[in-house]
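Note sheet for the following structure.
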Number of protein chains: 2
Amino acid sequence: MDDLLERLRERGWRLTSQRRVVAEVLGGEHVHLTADEVHARAAARLPEISRATVYNTLGELVALGEVLELATDGRARRYDPNAHRAHQHLVCSGCGAIRDVHPHGDPLAALPAAERFGFAVTAAEVTYRGLCPDCLPQHGG
Amino acid sequence: MDDLLERLRERGWRLTSQRRVVAEVLGGEHVHLTADEVHARAAARLPEISRATVYNTLGELVALGEVLELATDGRARRYDPNAHRAHQHLVCSGCGAIRDVHPHGDPLAALPAAERFGFAVTAAEVTYRGLCPDCLPQHGG
DNA sequence: ATCCTAACTTGGACTTTGTCCAAGTCAATA
DNA sequence: TATTGACTTGGACAAAGTCCAAGTTAGGAT
């Protein structure tokens, strides 16, 4: 995420304080924030930043391939800055906690041509679901 | 979907005309409707049915394991009546069309214990993405 | 340095999707 | 066929996201 701003500037981005703050908030590998969470954290540093700008900026980062957009539940989309290392997500059915995980093999390879129906398939997103240790019923406690 | 109502009655469901209509709308294997689409189709048969009842009924069908709830985009959840045969989804990035697909192997098996972080993992949902034939750029046409 | 302007940001109105509730209705049992 | 608790209704509300006209500003041009 460090040189993200550099890459974006090279692509013609105008580097505003708002965009800088949003990019900083997304720093760190294991973050999966909603747009409103990003806005709250950004506003802690730059109080006048608007929701619209956060939505715009997140949308641009997604379009540029710098951030992934997740729809793991039917609620708010989440934004994952770890876009440059292939990974999947493990979601707790209890509390909603999300972890990046690395299954082996390429999930795309499991879909034979006959099951592609003429689509040009480019990606496979896997969401593993289950209960995290904190949400698991305790035995013998 | 035929004997669905029978199964539900056995589980103590009260069989109202509204529930019957919602179940009928969901009939057919390759349907992935939003709640509002279900409501529109249900209202064609039973004009006074309310949105609240459609939401309630869909939620109950999901809780009973008779219908799957999909969050393939950040928009409306979609409801898939094909809950009894394991399958995954292929989604067109252009128009949003959805197809049921059957990859080989069990996607759960690709996640080693070391990548489960103490979660009790019970399911893996795979969303394949790409362009459908209608959205694919045409060559030589 | 400063000017200029297209690009960016803002706040608020608006839309879509979903939830909640009090009051009315009805399916299924006795 | 009477009863009753489960179900349904419509409308208010909430959450998540989009859109727009007006104001601001980054960064190239001078």
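Ligands are numbered from 1 in the order shown, chains are lettered A, B, ... in the order of the structure tokens, and residues start at 1 in each chain.
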
- Task: Identify, with DSSP run on backbone atoms, the residues in chain B assigned to alpha helix (DSSP H), and express the list as an MDAnalysis selection string.
- Result: chainID B and resid 4:10 17:25 35:45 51:63

Output of the above residues as a short mmCIF file (atom, residue, chain, number, x, y, z; two decimals), in the first residue's frame, restricted to N, CA and C atoms:
data_model
loop_
_atom_site.label_atom_id
_atom_site.label_comp_id
_atom_site.auth_asym_id
_atom_site.auth_seq_id
_atom_site.Cartn_x
_atom_site.Cartn_y
_atom_site.Cartn_z
N LEU B 4 -42.32 -29.31 -1.80
CA LEU B 4 -41.83 -28.36 -0.80
C LEU B 4 -42.92 -28.02 0.20
N LEU B 5 -44.09 -27.70 -0.30
CA LEU B 5 -45.16 -27.30 0.61
C LEU B 5 -45.49 -28.43 1.57
N GLU B 6 -45.43 -29.66 1.04
CA GLU B 6 -45.67 -30.84 1.88
C GLU B 6 -44.64 -30.91 3.01
N ARG B 7 -43.38 -30.78 2.63
CA ARG B 7 -42.31 -30.82 3.64
C ARG B 7 -42.49 -29.73 4.69
N LEU B 8 -42.88 -28.56 4.23
CA LEU B 8 -43.00 -27.44 5.16
C LEU B 8 -44.16 -27.66 6.11
N ARG B 9 -45.25 -28.20 5.58
CA ARG B 9 -46.40 -28.45 6.44
C ARG B 9 -46.02 -29.44 7.55
N GLU B 10 -45.24 -30.42 7.16
CA GLU B 10 -44.79 -31.39 8.16
C GLU B 10 -43.93 -30.75 9.24
N SER B 17 -52.13 -18.68 1.63
CA SER B 17 -52.09 -18.45 0.18
C SER B 17 -50.84 -17.66 -0.18
N GLN B 18 -50.42 -16.77 0.69
CA GLN B 18 -49.22 -15.98 0.39
C GLN B 18 -47.99 -16.88 0.29
N ARG B 19 -47.83 -17.77 1.24
CA ARG B 19 -46.66 -18.65 1.21
C ARG B 19 -46.71 -19.57 0.00
N ARG B 20 -47.92 -20.03 -0.32
CA ARG B 20 -48.05 -20.90 -1.48
C ARG B 20 -47.58 -20.17 -2.74
N VAL B 21 -48.02 -18.92 -2.88
CA VAL B 21 -47.66 -18.16 -4.09
C VAL B 21 -46.16 -17.91 -4.15
N VAL B 22 -45.55 -17.56 -3.02
CA VAL B 22 -44.10 -17.33 -3.02
C VAL B 22 -43.38 -18.61 -3.42
N ALA B 23 -43.81 -19.72 -2.87
CA ALA B 23 -43.17 -20.99 -3.21
C ALA B 23 -43.34 -21.30 -4.69
N GLU B 24 -44.52 -21.00 -5.25
CA GLU B 24 -44.75 -21.26 -6.67
C GLU B 24 -43.84 -20.40 -7.54
N VAL B 25 -43.69 -19.13 -7.15
CA VAL B 25 -42.85 -18.22 -7.92
C VAL B 25 -41.42 -18.74 -7.97
N ALA B 35 -35.77 -10.23 -3.93
CA ALA B 35 -37.01 -10.20 -3.16
C ALA B 35 -38.07 -9.37 -3.89
N ASP B 36 -37.66 -8.26 -4.48
CA ASP B 36 -38.65 -7.43 -5.16
C ASP B 36 -39.19 -8.11 -6.42
N GLU B 37 -38.34 -8.88 -7.09
CA GLU B 37 -38.82 -9.61 -8.25
C GLU B 37 -39.81 -10.70 -7.82
N VAL B 38 -39.50 -11.36 -6.72
CA VAL B 38 -40.42 -12.36 -6.19
C VAL B 38 -41.74 -11.68 -5.85
N HIS B 39 -41.64 -10.51 -5.22
CA HIS B 39 -42.86 -9.81 -4.85
C HIS B 39 -43.69 -9.44 -6.09
N ALA B 40 -43.01 -8.96 -7.13
CA ALA B 40 -43.74 -8.56 -8.33
C ALA B 40 -44.46 -9.77 -8.94
N ARG B 41 -43.77 -10.89 -9.03
CA ARG B 41 -44.40 -12.07 -9.63
C ARG B 41 -45.50 -12.63 -8.75
N ALA B 42 -45.28 -12.57 -7.44
CA ALA B 42 -46.30 -13.06 -6.53
C ALA B 42 -47.53 -12.16 -6.62
N ALA B 43 -47.31 -10.85 -6.73
CA ALA B 43 -48.43 -9.91 -6.75
C ALA B 43 -49.25 -10.07 -8.03
N ALA B 44 -48.64 -10.63 -9.08
CA ALA B 44 -49.40 -10.86 -10.30
C ALA B 44 -50.49 -11.90 -10.05
N ARG B 45 -50.26 -12.79 -9.11
CA ARG B 45 -51.26 -13.82 -8.81
C ARG B 45 -52.12 -13.47 -7.61
N ARG B 51 -44.92 -6.63 0.65
CA ARG B 51 -43.48 -6.81 0.63
C ARG B 51 -43.01 -7.49 1.90
N ALA B 52 -43.55 -7.08 3.04
CA ALA B 52 -43.10 -7.64 4.31
C ALA B 52 -43.27 -9.16 4.33
N THR B 53 -44.40 -9.64 3.81
CA THR B 53 -44.64 -11.07 3.81
C THR B 53 -43.66 -11.80 2.90
N VAL B 54 -43.36 -11.20 1.76
CA VAL B 54 -42.38 -11.83 0.87
C VAL B 54 -41.03 -11.92 1.58
N TYR B 55 -40.59 -10.85 2.20
CA TYR B 55 -39.33 -10.89 2.94
C TYR B 55 -39.38 -11.94 4.05
N ASN B 56 -40.47 -11.96 4.81
CA ASN B 56 -40.59 -12.95 5.89
C ASN B 56 -40.50 -14.36 5.33
N THR B 57 -41.26 -14.63 4.29
CA THR B 57 -41.33 -15.98 3.75
C THR B 57 -39.99 -16.42 3.18
N LEU B 58 -39.35 -15.53 2.45
CA LEU B 58 -38.03 -15.88 1.91
C LEU B 58 -37.06 -16.17 3.05
N GLY B 59 -37.09 -15.35 4.08
CA GLY B 59 -36.20 -15.57 5.22
C GLY B 59 -36.45 -16.92 5.88
N GLU B 60 -37.71 -17.29 5.97
CA GLU B 60 -38.03 -18.58 6.58
C GLU B 60 -37.56 -19.73 5.71
N LEU B 61 -37.77 -19.61 4.40
CA LEU B 61 -37.33 -20.66 3.49
C LEU B 61 -35.81 -20.83 3.57
N VAL B 62 -35.10 -19.72 3.70
CA VAL B 62 -33.65 -19.79 3.84
C VAL B 62 -33.28 -20.48 5.15
N ALA B 63 -33.94 -20.07 6.23
CA ALA B 63 -33.63 -20.65 7.53
C ALA B 63 -33.91 -22.15 7.55
#

- Item | 9 Å contact set for A:His87, only C-alpha atoms (C1' of nucleotides), chain neighbours under 6 positions out, as an MDAnalysis selection string | chainID A and resid 100:103 125:126

Produce a file of the selected residues containing C-alpha atoms, as a PDB file, in the first residue's frame.
ATOM      1  CA  ASP A 100      -7.807 -13.756   4.284  1.00  0.00           C
ATOM      2  CA  VAL A 101      -7.009 -17.380   3.470  1.00  0.00           C
ATOM      3  CA  HIS A 102      -4.925 -19.163   0.866  1.00  0.00           C
ATOM      4  CA  PRO A 103      -6.421 -22.413  -0.410  1.00  0.00           C
ATOM      5  CA  GLU A 125     -14.132 -15.833  -5.632  1.00  0.00           C
ATOM      6  CA  VAL A 126     -14.427 -18.325  -2.812  1.00  0.00           C
TER       7      VAL A 126
END

- Got a sec to pull out which chain C residues are within 9 Å of chain B, counting only C-alpha atoms (C1' of nucleotides), and send them as number ranges by chain? C: 16-19, 26-28

Among chain B, which ones does DSSP place in strand (DSSP E or B), written as a short mmCIF file (atom, residue, chain, number, x, y, z; two decimals) with C-alpha atoms, in the first residue's frame?
data_model
loop_
_atom_site.label_atom_id
_atom_site.label_comp_id
_atom_site.auth_asym_id
_atom_site.auth_seq_id
_atom_site.Cartn_x
_atom_site.Cartn_y
_atom_site.Cartn_z
CA LEU B 33 -34.74 -13.63 -8.21
CA THR B 34 -34.43 -10.68 -5.89
CA LEU B 68 -30.26 -20.34 -0.85
CA GLU B 69 -29.55 -16.67 -0.37
CA LEU B 70 -26.92 -15.21 -2.70
CA ARG B 78 -31.03 -13.19 -4.71
CA TYR B 79 -32.93 -16.34 -3.85
CA ASP B 80 -32.10 -19.70 -5.36
CA GLN B 88 -21.90 -22.85 -7.54
CA HIS B 89 -22.62 -19.70 -9.54
CA LEU B 90 -21.30 -18.11 -12.69
CA VAL B 91 -22.07 -14.41 -12.89
CA CYS B 92 -21.74 -12.12 -15.92
CA ILE B 98 -26.42 -15.87 -13.25
CA ARG B 99 -26.05 -19.57 -14.10
CA ASP B 100 -25.81 -22.55 -11.83
CA VAL B 101 -22.58 -24.45 -12.49
CA ALA B 120 -15.29 -24.82 12.12
CA VAL B 121 -15.63 -24.40 8.37
CA THR B 122 -18.86 -25.83 6.99
CA ALA B 123 -19.34 -24.41 3.51
CA ALA B 124 -17.56 -22.93 0.52
CA GLU B 125 -19.38 -20.67 -1.91
CA VAL B 126 -17.72 -20.08 -5.24
CA THR B 127 -18.64 -17.22 -7.56
CA TYR B 128 -17.10 -17.45 -11.01
CA ARG B 129 -17.02 -14.15 -12.87
CA GLY B 130 -16.66 -13.29 -16.53
CA LEU B 131 -18.53 -12.05 -19.57
#

- Task: Tell me the residues of chain D close to chain A, meaning within 9 Å using only C-alpha atoms (C1' of nucleotides), as number ranges by chain.
- Result: D: 15-18, 25-27

- Tell me which protein, DNA and RNA residues are within 10 Å of B:Ala109, counting only C-alpha atoms (C1' of nucleotides), leaving out same-chain ones fewer than 3 positions away, and put them as a list in words. Pro103 and His104 of chain A; Gly105, Asp106, Pro112, Ala113 and Ala124 of chain B

- Task: Identify, on the basis of only C-alpha atoms (C1' of nucleotides), every residue whose closest approach to C:DA30 does not exceed 12 Å; exclude the query and any residue fewer than 5 positions from it along the same chain; express the result as a list of chain:residue names.
- Result: D:DT1, D:DA2, D:DT3, D:DT4

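Using only C-alpha atoms for every distance, the candidate list A:His30, A:Arg116, A:His84, A:Arg11 yields A:Arg116 as the residue closest to chain B.
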
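Our summary of the geometry notes that atom CA of B:Cys135 is positioned 5.9 Å from atom CA of B:Gly94.
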
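Nearest to chain A of all the residues B:Leu26, B:Val67, B:Ala86, B:Ala110 is B:Ala110, counting only C-alpha atoms.
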
Selection: 12 Å around C:DA13, only C-alpha atoms (C1' of nucleotides), excl. self and same-chain fewer than 2 positions, as an mmCIF file with N, CA and C atoms (P, O5', C5', C4', C3', O3' and C1' of nucleotides), in the first residue's frame:
data_model
loop_
_atom_site.group_PDB
_atom_site.id
_atom_site.type_symbol
_atom_site.label_atom_id
_atom_site.label_comp_id
_atom_site.auth_asym_id
_atom_site.auth_seq_id
_atom_site.Cartn_x
_atom_site.Cartn_y
_atom_site.Cartn_z
ATOM 1 P P DG C 11 -19.526 18.938 3.864
ATOM 2 O "O5'" DG C 11 -21.079 19.084 3.571
ATOM 3 C "C5'" DG C 11 -21.601 20.345 3.239
ATOM 4 C "C4'" DG C 11 -23.015 20.178 2.719
ATOM 5 C "C3'" DG C 11 -23.916 19.331 3.632
ATOM 6 O "O3'" DG C 11 -25.168 19.999 3.696
ATOM 7 C "C1'" DG C 11 -23.864 18.395 1.452
ATOM 8 P P DT C 15 -36.471 9.634 -5.845
ATOM 9 O "O5'" DT C 15 -35.571 8.324 -5.785
ATOM 10 C "C5'" DT C 15 -34.399 8.237 -6.595
ATOM 11 C "C4'" DT C 15 -33.766 6.877 -6.385
ATOM 12 C "C3'" DT C 15 -34.784 5.744 -6.277
ATOM 13 O "O3'" DT C 15 -34.343 4.708 -7.135
ATOM 14 C "C1'" DT C 15 -33.331 5.750 -4.389
ATOM 15 P P DT D 18 -23.218 3.017 -5.371
ATOM 16 O "O5'" DT D 18 -24.202 4.183 -5.854
ATOM 17 C "C5'" DT D 18 -25.494 3.826 -6.281
ATOM 18 C "C4'" DT D 18 -26.213 5.071 -6.763
ATOM 19 C "C3'" DT D 18 -25.410 5.920 -7.735
ATOM 20 O "O3'" DT D 18 -26.287 6.205 -8.820
ATOM 21 C "C1'" DT D 18 -26.195 7.257 -5.949
ATOM 22 P P DC D 19 -25.772 6.948 -10.172
ATOM 23 O "O5'" DC D 19 -26.254 8.452 -9.937
ATOM 24 C "C5'" DC D 19 -27.579 8.662 -9.468
ATOM 25 C "C4'" DC D 19 -27.807 10.152 -9.298
ATOM 26 C "C3'" DC D 19 -27.015 11.041 -10.248
ATOM 27 O "O3'" DC D 19 -27.920 11.983 -10.790
ATOM 28 C "C1'" DC D 19 -26.650 11.712 -8.004
ATOM 29 P P DC D 20 -27.590 12.860 -12.093
ATOM 30 O "O5'" DC D 20 -27.508 14.335 -11.499
ATOM 31 C "C5'" DC D 20 -28.543 14.794 -10.632
ATOM 32 C "C4'" DC D 20 -28.099 16.063 -9.953
ATOM 33 C "C3'" DC D 20 -27.183 16.933 -10.815
ATOM 34 O "O3'" DC D 20 -27.662 18.256 -10.788
ATOM 35 C "C1'" DC D 20 -26.221 16.587 -8.690
ATOM 36 P P DA D 21 -27.490 19.222 -12.105
ATOM 37 O "O5'" DA D 21 -27.570 20.669 -11.420
ATOM 38 C "C5'" DA D 21 -28.386 20.868 -10.261
ATOM 39 C "C4'" DA D 21 -27.672 21.797 -9.293
ATOM 40 C "C3'" DA D 21 -26.927 22.951 -9.956
ATOM 41 O "O3'" DA D 21 -27.045 24.084 -9.105
ATOM 42 C "C1'" DA D 21 -25.383 21.626 -8.748
#

- Note on the structure: If you count only C-alpha atoms, the residue of A:Ala71, A:Asp134, A:Ala114, A:Arg85 closest to chain B turns out to be A:Ala71

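We find atom CA of B:Ala97 and atom CA of B:Gly74 to be spaced 14.7 Å apart.
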